[in-house]
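The structure file structure07.pdb is reproduced below (PDB, C-alpha atoms and all ligand atoms).
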ATOM      1  CA  MET A   1       0.000   0.000   0.000
ATOM      2  CA  LYS A   2       1.220   3.454  -0.846
ATOM      3  CA  GLU A   3       2.870   5.418   1.944
ATOM      4  CA  ILE A   4       1.241   8.835   2.040
ATOM      5  CA  ILE A   5       3.284  10.224   4.979
ATOM      6  CA  LYS A   6       6.915   9.312   5.633
ATOM      7  CA  VAL A   7       8.598  10.633   8.771
ATOM      8  CA  LYS A   8      12.306   9.830   9.029
ATOM      9  CA  GLY A   9      14.879  10.615  11.693
ATOM     10  CA  ILE A  10      13.013  13.528  13.240
ATOM     11  CA  LYS A  11      14.810  15.414  15.987
ATOM     12  CA  THR A  12      12.907  18.118  17.838
ATOM     13  CA  VAL A  13      14.503  20.387  20.396
ATOM     14  CA  PHE A  14      12.872  23.111  22.498
ATOM     15  CA  GLY A  15      15.613  25.019  24.357
ATOM     16  CA  ASP A  16      17.606  22.353  26.169
ATOM     17  CA  LYS A  17      14.804  19.787  25.973
ATOM     18  CA  ILE A  18      15.017  17.072  23.321
ATOM     19  CA  VAL A  19      11.482  15.915  22.532
ATOM     20  CA  HIS A  20      12.077  13.610  19.549
ATOM     21  CA  ASP A  21      15.389  11.991  18.646
ATOM     22  CA  GLY A  22      15.389   9.811  15.550
ATOM     23  CA  LEU A  23      11.664   9.334  15.182
ATOM     24  CA  ASN A  24      10.413   7.311  12.188
ATOM     25  CA  LEU A  25       6.924   6.371  11.061
ATOM     26  CA  SER A  26       4.887   5.975   7.912
ATOM     27  CA  VAL A  27       1.200   6.232   7.201
ATOM     28  CA  ASN A  28      -0.416   4.264   4.375
ATOM     29  CA  LYS A  29      -3.078   5.629   2.082
ATOM     30  CA  GLY A  30      -6.583   4.917   3.350
ATOM     31  CA  GLU A  31      -5.678   3.861   6.857
ATOM     32  CA  ILE A  32      -6.614   5.249  10.230
ATOM     33  CA  TYR A  33      -3.321   5.668  12.053
ATOM     34  CA  GLY A  34      -3.226   6.313  15.782
ATOM     35  CA  ILE A  35      -0.454   8.062  17.705
ATOM     36  CA  LEU A  36      -0.168   7.152  21.386
ATOM     37  CA  GLY A  37       2.303   7.876  24.152
ATOM     38  CA  PRO A  38       2.733   9.337  27.605
ATOM     39  CA  SER A  39       1.785  12.933  28.258
ATOM     40  CA  GLY A  40       4.471  15.303  26.990
ATOM     41  CA  CYS A  41       6.173  12.739  24.675
ATOM     42  CA  GLY A  42       5.558  15.001  21.693
ATOM     43  CA  LYS A  43       2.434  13.667  19.980
ATOM     44  CA  THR A  44       0.830  17.036  19.290
ATOM     45  CA  THR A  45       4.208  18.501  18.316
ATOM     46  CA  LEU A  46       4.634  15.722  15.735
ATOM     47  CA  LEU A  47       1.153  16.357  14.349
ATOM     48  CA  ARG A  48       1.921  20.088  14.127
ATOM     49  CA  GLN A  49       5.205  19.318  12.321
ATOM     50  CA  ILE A  50       3.414  17.133   9.787
ATOM     51  CA  VAL A  51       0.956  19.953   9.015
ATOM     52  CA  MET A  52       3.769  22.521   8.753
ATOM     53  CA  LEU A  53       2.925  24.472  11.898
ATOM     54  CA  GLU A  54       6.079  23.527  13.802
ATOM     55  CA  GLN A  55       9.758  23.235  12.859
ATOM     56  CA  PHE A  56      11.957  20.200  13.424
ATOM     57  CA  GLN A  57      15.715  20.341  13.760
ATOM     58  CA  GLU A  58      16.746  17.164  11.908
ATOM     59  CA  GLY A  59      15.156  14.555   9.681
ATOM     60  CA  THR A  60      12.614  14.581   6.870
ATOM     61  CA  ILE A  61       8.858  14.570   6.555
ATOM     62  CA  GLU A  62       7.443  13.628   3.179
ATOM     63  CA  ILE A  63       3.741  14.022   2.654
ATOM     64  CA  LEU A  64       1.925  13.276  -0.589
ATOM     65  CA  GLU A  65       5.404  12.979  -2.132
ATOM     66  CA  LYS A  66       6.460  16.496  -1.070
ATOM     67  CA  ASP A  67       9.516  16.840   1.132
ATOM     68  CA  LEU A  68       8.686  19.526   3.698
ATOM     69  CA  ASN A  69      12.349  20.544   3.965
ATOM     70  CA  TYR A  70      12.403  21.667   0.344
ATOM     71  CA  ILE A  71       8.808  22.606  -0.399
ATOM     72  CA  SER A  72       8.096  25.854  -2.251
ATOM     73  CA  LEU A  73       5.626  28.367  -0.818
ATOM     74  CA  LYS A  74       3.213  27.624  -3.646
ATOM     75  CA  ASP A  75       3.356  23.856  -3.098
ATOM     76  CA  ALA A  76       2.996  24.404   0.666
ATOM     77  CA  GLN A  77      -0.193  26.339   0.100
ATOM     78  CA  LEU A  78      -1.516  23.627  -2.257
ATOM     79  CA  LEU A  79      -0.563  20.919   0.236
ATOM     80  CA  ARG A  80      -2.426  22.691   3.065
ATOM     81  CA  GLN A  81      -5.597  22.348   1.006
ATOM     82  CA  CYS A  82      -5.119  18.560   0.879
ATOM     83  CA  TRP A  83      -5.746  18.116   4.579
ATOM     84  CA  GLY A  84      -8.183  19.029   7.287
ATOM     85  CA  VAL A  85      -7.199  19.386  10.934
ATOM     86  CA  LEU A  86      -9.265  19.104  14.082
ATOM     87  CA  PHE A  87      -7.111  20.268  16.977
ATOM     88  CA  GLN A  88      -7.986  19.458  20.571
ATOM     89  CA  PHE A  89      -8.497  23.111  21.393
ATOM     90  CA  GLY A  90      -9.150  24.169  17.807
ATOM     91  CA  ALA A  91     -12.199  26.025  18.872
ATOM     92  CA  LEU A  92     -14.827  27.280  16.528
ATOM     93  CA  PHE A  93     -15.033  31.056  16.232
ATOM     94  CA  SER A  94     -17.597  31.970  18.856
ATOM     95  CA  SER A  95     -18.861  35.048  17.014
ATOM     96  CA  LEU A  96     -19.668  33.022  13.892
ATOM     97  CA  THR A  97     -22.490  30.532  13.402
ATOM     98  CA  ILE A  98     -21.679  26.876  12.719
ATOM     99  CA  GLY A  99     -22.399  27.467   9.035
ATOM    100  CA  GLU A 100     -20.126  30.527   8.924
ATOM    101  CA  ASN A 101     -17.369  28.533  10.642
ATOM    102  CA  ILE A 102     -17.594  25.787   8.009
ATOM    103  CA  ALA A 103     -17.631  28.415   5.250
ATOM    104  CA  LEU A 104     -14.342  29.981   6.416
ATOM    105  CA  PRO A 105     -11.883  27.691   4.564
ATOM    106  CA  LEU A 106     -14.099  27.790   1.476
ATOM    107  CA  LYS A 107     -14.019  31.598   1.450
ATOM    108  CA  GLU A 108     -10.289  31.677   2.163
ATOM    109  CA  TYR A 109      -9.122  29.114  -0.375
ATOM    110  CA  THR A 110     -11.756  29.098  -3.138
ATOM    111  CA  ASP A 111     -13.732  31.585  -5.198
ATOM    112  CA  LEU A 112     -16.930  29.552  -5.057
ATOM    113  CA  ASN A 113     -20.128  31.588  -5.001
ATOM    114  CA  ASP A 114     -22.422  31.792  -1.956
ATOM    115  CA  LYS A 115     -24.966  29.353  -3.382
ATOM    116  CA  ILE A 116     -22.364  26.613  -3.898
ATOM    117  CA  ILE A 117     -20.815  27.336  -0.481
ATOM    118  CA  LYS A 118     -24.255  26.953   1.115
ATOM    119  CA  GLU A 119     -24.727  23.591  -0.630
ATOM    120  CA  ILE A 120     -21.301  22.407   0.529
ATOM    121  CA  ILE A 121     -22.055  23.487   4.123
ATOM    122  CA  GLU A 122     -25.337  21.558   4.029
ATOM    123  CA  PHE A 123     -23.587  18.446   2.736
ATOM    124  CA  LYS A 124     -20.823  18.627   5.360
ATOM    125  CA  ILE A 125     -23.343  19.205   8.140
ATOM    126  CA  HIS A 126     -25.220  16.137   6.940
ATOM    127  CA  ILE A 127     -22.219  13.805   6.728
ATOM    128  CA  VAL A 128     -21.051  14.614  10.259
ATOM    129  CA  GLY A 129     -24.524  13.899  11.620
ATOM    130  CA  LEU A 130     -25.660  17.422  12.515
ATOM    131  CA  LYS A 131     -29.035  18.850  11.515
ATOM    132  CA  PHE A 132     -29.603  21.584   8.926
ATOM    133  CA  SER A 133     -31.116  23.729  11.679
ATOM    134  CA  ASP A 134     -27.749  23.598  13.511
ATOM    135  CA  ILE A 135     -26.175  25.686  10.734
ATOM    136  CA  SER A 136     -27.543  28.935  12.167
ATOM    137  CA  LEU A 137     -26.612  28.191  15.802
ATOM    138  CA  TYR A 138     -23.591  29.702  17.553
ATOM    139  CA  PRO A 139     -20.961  27.465  19.236
ATOM    140  CA  SER A 140     -22.236  28.511  22.687
ATOM    141  CA  GLN A 141     -25.634  27.051  21.789
ATOM    142  CA  ILE A 142     -24.442  23.496  21.057
ATOM    143  CA  SER A 143     -23.040  20.584  23.098
ATOM    144  CA  GLY A 144     -19.384  19.469  23.233
ATOM    145  CA  GLY A 145     -20.080  16.530  20.922
ATOM    146  CA  MET A 146     -21.816  18.805  18.420
ATOM    147  CA  LYS A 147     -18.857  21.223  18.560
ATOM    148  CA  LYS A 148     -16.488  18.379  17.656
ATOM    149  CA  LYS A 149     -18.748  17.427  14.745
ATOM    150  CA  ALA A 150     -18.944  21.050  13.597
ATOM    151  CA  GLY A 151     -15.126  21.275  13.814
ATOM    152  CA  LEU A 152     -14.942  18.088  11.769
ATOM    153  CA  ALA A 153     -17.326  19.538   9.170
ATOM    154  CA  ARG A 154     -15.041  22.594   8.929
ATOM    155  CA  ALA A 155     -11.970  20.331   8.595
ATOM    156  CA  LEU A 156     -13.732  18.519   5.741
ATOM    157  CA  ALA A 157     -14.855  21.693   3.981
ATOM    158  CA  LEU A 158     -12.259  21.521   1.214
ATOM    159  CA  ASP A 159     -12.711  17.772   0.548
ATOM    160  CA  PRO A 160      -9.302  16.849   1.963
ATOM    161  CA  LYS A 161      -7.509  13.577   1.258
ATOM    162  CA  LEU A 162      -6.039  13.590   4.735
ATOM    163  CA  LEU A 163      -7.574  14.285   8.100
ATOM    164  CA  PHE A 164      -5.586  15.019  11.265
ATOM    165  CA  LEU A 165      -7.324  14.685  14.610
ATOM    166  CA  ASP A 166      -5.802  15.685  17.945
ATOM    167  CA  GLU A 167      -7.585  14.050  20.874
ATOM    168  CA  PRO A 168     -10.948  14.041  19.060
ATOM    169  CA  THR A 169     -12.821  12.306  21.884
ATOM    170  CA  SER A 170     -11.351  14.242  24.804
ATOM    171  CA  GLY A 171     -13.979  15.995  26.872
ATOM    172  CA  LEU A 172     -16.769  13.847  25.449
ATOM    173  CA  ASP A 173     -18.930  11.515  27.529
ATOM    174  CA  PRO A 174     -18.481   7.808  26.652
ATOM    175  CA  ILE A 175     -21.580   7.642  24.453
ATOM    176  CA  SER A 176     -20.586  10.719  22.440
ATOM    177  CA  ALA A 177     -17.012   9.414  22.223
ATOM    178  CA  ARG A 178     -18.139   6.079  20.742
ATOM    179  CA  ASP A 179     -20.516   7.954  18.433
ATOM    180  CA  PHE A 180     -17.551  10.022  17.248
ATOM    181  CA  ASP A 181     -15.472   6.857  16.645
ATOM    182  CA  LYS A 182     -18.227   5.437  14.427
ATOM    183  CA  LEU A 183     -18.410   8.729  12.566
ATOM    184  CA  ILE A 184     -14.655   8.654  11.897
ATOM    185  CA  LEU A 185     -14.871   5.094  10.544
ATOM    186  CA  ASN A 186     -17.854   5.973   8.349
ATOM    187  CA  LEU A 187     -16.197   9.103   6.995
ATOM    188  CA  ARG A 188     -13.026   7.214   6.136
ATOM    189  CA  ASP A 189     -15.099   4.762   4.099
ATOM    190  CA  LEU A 190     -17.443   7.357   2.599
ATOM    191  CA  LEU A 191     -14.774   9.862   1.614
ATOM    192  CA  GLY A 192     -11.766   7.572   1.151
ATOM    193  CA  LEU A 193      -9.788   9.523   3.744
ATOM    194  CA  THR A 194      -6.452   8.763   5.337
ATOM    195  CA  ILE A 195      -6.731   9.707   9.017
ATOM    196  CA  VAL A 196      -3.989  10.365  11.569
ATOM    197  CA  MET A 197      -5.274  10.598  15.107
ATOM    198  CA  VAL A 198      -3.526  11.457  18.374
ATOM    199  CA  SER A 199      -5.456  10.076  21.312
ATOM    200  CA  HIS A 200      -5.321   9.036  24.953
ATOM    201  CA  ASP A 201      -8.534   7.129  24.435
ATOM    202  CA  LEU A 202      -7.492   3.485  24.177
ATOM    203  CA  LYS A 203     -10.979   2.336  23.195
ATOM    204  CA  SER A 204     -11.070   4.903  20.435
ATOM    205  CA  ILE A 205      -7.670   3.819  19.061
ATOM    206  CA  HIS A 206      -8.636   0.161  19.409
ATOM    207  CA  ASP A 207     -11.978   0.570  17.658
ATOM    208  CA  THR A 208     -10.879   2.847  14.851
ATOM    209  CA  SER A 209      -7.206   2.512  13.976
ATOM    210  CA  ASP A 210      -5.738   0.054  11.488
ATOM    211  CA  ARG A 211      -2.255   0.700  12.848
ATOM    212  CA  PHE A 212      -0.783   2.926  15.487
ATOM    213  CA  ALA A 213       2.542   4.195  16.757
ATOM    214  CA  VAL A 214       3.619   4.577  20.365
ATOM    215  CA  ILE A 215       6.097   7.366  21.137
ATOM    216  CA  ASP A 216       8.164   6.939  24.279
ATOM    217  CA  ASN A 217      11.588   8.202  25.282
ATOM    218  CA  LYS A 218      11.858  10.392  22.149
ATOM    219  CA  LYS A 219      11.322   7.562  19.642
ATOM    220  CA  ILE A 220       8.669   5.298  18.163
ATOM    221  CA  ILE A 221       8.802   2.190  20.318
ATOM    222  CA  TYR A 222       5.996   0.394  18.487
ATOM    223  CA  GLU A 223       4.351   0.700  15.097
ATOM    224  CA  GLY A 224       1.747  -1.778  13.949
ATOM    225  CA  SER A 225      -1.672  -3.189  14.694
ATOM    226  CA  PHE A 226      -3.033  -4.418  18.013
ATOM    227  CA  ASP A 227      -2.166  -7.999  17.026
ATOM    228  CA  ASN A 228       1.523  -7.783  17.942
ATOM    229  CA  ILE A 229       1.400  -5.460  20.938
ATOM    230  CA  ASP A 230       1.931  -8.352  23.353
ATOM    231  CA  SER A 231       5.453  -8.834  22.021
ATOM    232  CA  ILE A 232       6.549  -5.409  23.333
ATOM    233  CA  ASP A 233       7.775  -4.997  26.875
ATOM    234  CA  ASN A 234       7.688  -1.301  27.755
ATOM    235  CA  ARG A 235       6.401   0.389  30.911
ATOM    236  CA  PHE A 236       4.022   2.774  29.108
ATOM    237  CA  ILE A 237       2.669   0.001  26.867
ATOM    238  CA  ASN A 238       2.273  -2.424  29.789
ATOM    239  CA  ASN A 239       0.397   0.181  31.837
ATOM    240  CA  PHE A 240      -1.612   1.594  28.976
ATOM    241  CA  PHE A 241      -2.726  -1.788  27.664
ATOM    242  CA  GLN A 242      -3.035  -3.210  31.189
ATOM    243  CA  LYS A 243      -0.683  -6.045  30.315
ATOM    244  CA  GLY A 244       0.252  -8.364  33.118
ATOM    245  CA  ILE A 245      -2.295  -6.803  35.490
TER     246      ILE A 245
HETATM  247  N1  LIG J   1       6.461  25.719  21.390
HETATM  248  C1  LIG J   1       7.034  25.050  22.411
HETATM  249  N2  LIG J   1       8.036  25.609  23.121
HETATM  250  C2  LIG J   1       8.648  24.929  24.113
HETATM  251  N3  LIG J   1       8.312  23.682  24.497
HETATM  252  C3  LIG J   1       7.304  23.083  23.817
HETATM  253  C4  LIG J   1       6.625  23.731  22.742
HETATM  254  N4  LIG J   1       5.674  22.884  22.269
HETATM  255  C5  LIG J   1       5.780  21.762  22.997
HETATM  256  N5  LIG J   1       6.741  21.888  23.932
HETATM  257  C6  LIG J   1       7.159  20.847  24.892
HETATM  258  O1  LIG J   1       7.400  19.675  24.148
HETATM  259  C7  LIG J   1       6.947  18.531  24.861
HETATM  260  C8  LIG J   1       5.951  17.772  24.007
HETATM  261  O2  LIG J   1       4.725  18.496  23.951
HETATM  262  P1  LIG J   1       3.445  17.918  23.200
HETATM  263  O3  LIG J   1       2.323  18.855  23.470
HETATM  264  O4  LIG J   1       3.792  17.635  21.811
HETATM  265  O5  LIG J   1       3.230  16.547  23.978
HETATM  266  P2  LIG J   1       2.002  15.547  23.924
HETATM  267  O6  LIG J   1       2.584  14.179  23.842
HETATM  268  O7  LIG J   1       1.059  15.946  22.852
HETATM  269  O8  LIG J   1       1.365  15.794  25.362
HETATM  270  P3  LIG J   1      -0.142  15.567  25.896
HETATM  271  O9  LIG J   1      -0.416  14.108  25.754
HETATM  272  O10 LIG J   1      -0.045  15.968  27.348
HETATM  273  O11 LIG J   1      -1.044  16.444  25.084
HETATM  274  C9  LIG J   1       6.380  19.039  26.183
HETATM  275  O12 LIG J   1       7.381  18.951  27.154
HETATM  276  C10 LIG J   1       6.061  20.482  25.880
HETATM  277  O13 LIG J   1       6.141  21.256  27.032
END

Would you mind giving the structure from this file in structure tokens?
Ligand SMILES: Nc1ncnc2c1ncn2[C@@H]1O[C@H](COP(=O)(O)OP(=O)(O)OP(=O)(O)O)[C@@H](O)[C@H]1O
Amino acid sequence: MKEIIKVKGIKTVFGDKIVHDGLNLSVNKGEIYGILGPSGCGKTTLLRQIVMLEQFQEGTIEILEKDLNYISLKDAQLLRQCWGVLFQFGALFSSLTIGENIALPLKEYTDLNDKIIKEIIEFKIHIVGLKFSDISLYPSQISGGMKKKAGLARALALDPKLLFLDEPTSGLDPISARDFDKLILNLRDLLGLTIVMVSHDLKSIHDTSDRFAVIDNKKIIYEGSFDNIDSIDNRFINNFFQKGI
């Protein structure tokens, strides 16, 4: 299967703190790929590096065959339109309605007219499981689960090939979290997405991801499916997966 993201030898340093040191992973087209690891191991930083929001000091990241170390400004702008991102605290703009929030990337990156934008908003609202009447509500008027769905609809506005999710189920009650997992699986199938997801939610990673990576001690200590996790003896993995308990 084609590798759509290749991360090789990444070193990340903040001041005197080394966060990643020789980190490698690859994400295949069409898969849901989880990123796990202890708090502060650099999961969100890695996600931000992949979407060109954060620098790295050594190594290469290739995404859709573009090497981020050598990408031109024009290609970087085109690449940004190939993905959608739902950050953990990537709040919706509170002064805009849900519909206006979803319209933002369409207004920024396209010259589509208002009628087409309205149709796209209605379609995105529908596929994330919100109601048409939610379009005119403000973020303060909807629940946490609905906010995540609205953020997802905004991330999907430009029909991305890739979707990046940072802790998508955090702050949700268990029923909403499982509902969100099902939505992610359905959207992958419906839209043919490749999804990279950082999460602390073991059930979510277990139920959705095809493969996942575990970052610990600055490196990837495991990459694969759940099938082989028993072969790894690491404190975080043993605790996280409740092995030997
Ligand atoms: N811009 C920055 N400047 C300095 N230090 C940073 C910066 N961004 C991240 N860090 C540090 O890098 C480390 C990794 O942070 P990051 O948020 O990527 O971890 P994480 O694995 O996502 O954590 P969590 O699971 O708690 O969300 C932390 O020690 C953090 O304080």

Surrounding residues as a list in words, ligand LIG 1 (chain J), max 9 Å, all atoms listed in the file: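 Listing the residues within 9 Å of ligand LIG 1 (chain J) gives Thr12, Val13, Phe14, Gly15, Lys17, Ile18, Val19, His20, Leu36, Gly37, Pro38, Ser39, Gly40, Cys41, Gly42, Lys43, Thr44, Thr45, Leu46, Leu47, Arg48, Glu54, Gln88, Asp166, Glu167, Val198, Ser199, His200 and Ile215 of chain A.
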
Apply the PyMOL selection byres (((chain A and resi 236) around 8) and not hetatm) to the file shown and report the selected residues as an mmCIF file with C-alpha atoms, in the coordinates of the input.
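Contents of result-v2.cif, as written:
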data_model
loop_
_atom_site.group_PDB
_atom_site.id
_atom_site.type_symbol
_atom_site.label_atom_id
_atom_site.label_comp_id
_atom_site.auth_asym_id
_atom_site.auth_seq_id
_atom_site.Cartn_x
_atom_site.Cartn_y
_atom_site.Cartn_z
ATOM 1 C CA GLY A 37 2.303 7.876 24.152
ATOM 2 C CA PRO A 38 2.733 9.337 27.605
ATOM 3 C CA ASP A 216 8.164 6.939 24.279
ATOM 4 C CA ASN A 234 7.688 -1.301 27.755
ATOM 5 C CA ARG A 235 6.401 0.389 30.911
ATOM 6 C CA ILE A 237 2.669 0.001 26.867
ATOM 7 C CA ASN A 238 2.273 -2.424 29.789
ATOM 8 C CA ASN A 239 0.397 0.181 31.837
ATOM 9 C CA PHE A 240 -1.612 1.594 28.976
#

Computed interatomic separation between atom CA of Leu92 of chain A and atom CA of Thr194 of chain A (Å):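 Atom CA of Leu92 of chain A sits 23.2 Å away from atom CA of Thr194 of chain A.
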
Top pick for closest residue to Asp179 of chain A, considering A:Asp16, A:Lys2, A:Ile221, A:Val128 and counting all atoms listed in the file: A:Val128

Selection dump of the PyMOL selection byres (((chain A and resi 95) around 12) and not hetatm), as a list in words: Ala91, Leu92, Phe93, Ser94, Leu96, Thr97, Ile98, Gly99, Glu100, Asn101, Ser136, Leu137, Tyr138, Pro139, Ser140 and Gln141 of chain A

How would the residues just chosen look if you wrote them out with C-alpha atoms as a compact mmCIF listing (two decimals), in the coordinates of the input?
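Written out: part_19.txt:
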# COMPACT_ATOMS: atom_id res chain seq x y z
CA ALA A 91 -12.20 26.02 18.87
CA LEU A 92 -14.83 27.28 16.53
CA PHE A 93 -15.03 31.06 16.23
CA SER A 94 -17.60 31.97 18.86
CA LEU A 96 -19.67 33.02 13.89
CA THR A 97 -22.49 30.53 13.40
CA ILE A 98 -21.68 26.88 12.72
CA GLY A 99 -22.40 27.47 9.04
CA GLU A 100 -20.13 30.53 8.92
CA ASN A 101 -17.37 28.53 10.64
CA SER A 136 -27.54 28.94 12.17
CA LEU A 137 -26.61 28.19 15.80
CA TYR A 138 -23.59 29.70 17.55
CA PRO A 139 -20.96 27.46 19.24
CA SER A 140 -22.24 28.51 22.69
CA GLN A 141 -25.63 27.05 21.79

Selection near Met197 of chain A, 6 Å with all atoms listed in the file, sequence-local residues under 4 positions removed, as an MDAnalysis selection string: chainID A and resid 34 164:166

Between atom CA of Gly145 of chain A and atom CA of Leu183 of chain A, distance in Å (one decimal): 11.6 Å

Among listed residues A:Lys161, A:Lys107, A:Lys182, A:Lys131, nearest Glu31 of chain A (using all atoms listed in the file):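 Of A:Lys161, A:Lys107, A:Lys182, A:Lys131, the one nearest Glu31 of chain A, counting all atoms listed in the file, is A:Lys161.
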
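Each of A:Ile127, A:Ile195, A:Ile120, A:Ala157 was checked against Ile4 of chain A using all atoms listed in the file; the smallest atom-to-atom distance is that of A:Ile195.
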
d(atom CA of Ile71 of chain A, atom CA of Ala213 of chain A) in Å: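 A separation of 25.9 Å between them.
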
Selection: 12 Å around Glu119 of chain A, all atoms listed in the file, excl. self and same-chain fewer than 5 positions, as a list in words: Gly99, Ile102, Ala103, Leu106, Leu112, Asn113, Asp114, Lys124, Ile125, His126, Phe132, Ile135 and Ala157 of chain A

Kindly write segment 224-239 of chain A with N, CA and C atoms to a file, as a PDB file, in the first residue's frame.
ATOM      1  N   GLY A 224       2.416  -0.597  14.490  1.00  0.00           N
ATOM      2  CA  GLY A 224       1.747  -1.778  13.949  1.00  0.00           C
ATOM      3  C   GLY A 224       0.304  -1.830  14.400  1.00  0.00           C
ATOM      4  N   SER A 225      -0.273  -3.033  14.292  1.00  0.00           N
ATOM      5  CA  SER A 225      -1.672  -3.189  14.694  1.00  0.00           C
ATOM      6  C   SER A 225      -1.711  -3.694  16.143  1.00  0.00           C
ATOM      7  N   PHE A 226      -2.900  -3.907  16.650  1.00  0.00           N
ATOM      8  CA  PHE A 226      -3.033  -4.418  18.013  1.00  0.00           C
ATOM      9  C   PHE A 226      -2.546  -5.867  18.131  1.00  0.00           C
ATOM     10  N   ASP A 227      -2.464  -6.564  16.984  1.00  0.00           N
ATOM     11  CA  ASP A 227      -2.166  -7.999  17.026  1.00  0.00           C
ATOM     12  C   ASP A 227      -0.834  -8.317  17.699  1.00  0.00           C
ATOM     13  N   ASN A 228       0.171  -7.436  17.472  1.00  0.00           N
ATOM     14  CA  ASN A 228       1.523  -7.783  17.942  1.00  0.00           C
ATOM     15  C   ASN A 228       1.941  -7.051  19.204  1.00  0.00           C
ATOM     16  N   ILE A 229       1.017  -6.322  19.820  1.00  0.00           N
ATOM     17  CA  ILE A 229       1.400  -5.460  20.938  1.00  0.00           C
ATOM     18  C   ILE A 229       1.930  -6.275  22.124  1.00  0.00           C
ATOM     19  N   ASP A 230       1.499  -7.517  22.228  1.00  0.00           N
ATOM     20  CA  ASP A 230       1.931  -8.352  23.353  1.00  0.00           C
ATOM     21  C   ASP A 230       3.435  -8.637  23.320  1.00  0.00           C
ATOM     22  N   SER A 231       4.021  -8.508  22.125  1.00  0.00           N
ATOM     23  CA  SER A 231       5.453  -8.834  22.021  1.00  0.00           C
ATOM     24  C   SER A 231       6.339  -7.709  22.558  1.00  0.00           C
ATOM     25  N   ILE A 232       5.748  -6.563  22.895  1.00  0.00           N
ATOM     26  CA  ILE A 232       6.549  -5.409  23.333  1.00  0.00           C
ATOM     27  C   ILE A 232       6.517  -5.287  24.849  1.00  0.00           C
ATOM     28  N   ASP A 233       7.711  -5.177  25.431  1.00  0.00           N
ATOM     29  CA  ASP A 233       7.775  -4.997  26.875  1.00  0.00           C
ATOM     30  C   ASP A 233       8.290  -3.587  27.167  1.00  0.00           C
ATOM     31  N   ASN A 234       7.350  -2.698  27.471  1.00  0.00           N
ATOM     32  CA  ASN A 234       7.688  -1.301  27.755  1.00  0.00           C
ATOM     33  C   ASN A 234       6.722  -0.829  28.833  1.00  0.00           C
ATOM     34  N   ARG A 235       7.219   0.003  29.750  1.00  0.00           N
ATOM     35  CA  ARG A 235       6.401   0.389  30.911  1.00  0.00           C
ATOM     36  C   ARG A 235       5.100   1.098  30.484  1.00  0.00           C
ATOM     37  N   PHE A 236       5.223   2.055  29.540  1.00  0.00           N
ATOM     38  CA  PHE A 236       4.022   2.774  29.108  1.00  0.00           C
ATOM     39  C   PHE A 236       3.034   1.800  28.461  1.00  0.00           C
ATOM     40  N   ILE A 237       3.559   0.943  27.569  1.00  0.00           N
ATOM     41  CA  ILE A 237       2.669   0.001  26.867  1.00  0.00           C
ATOM     42  C   ILE A 237       2.039  -0.970  27.867  1.00  0.00           C
ATOM     43  N   ASN A 238       2.821  -1.477  28.805  1.00  0.00           N
ATOM     44  CA  ASN A 238       2.273  -2.424  29.789  1.00  0.00           C
ATOM     45  C   ASN A 238       1.164  -1.772  30.612  1.00  0.00           C
ATOM     46  N   ASN A 239       1.419  -0.525  31.048  1.00  0.00           N
ATOM     47  CA  ASN A 239       0.397   0.181  31.837  1.00  0.00           C
ATOM     48  C   ASN A 239      -0.809   0.524  30.992  1.00  0.00           C
TER      49      ASN A 239
END
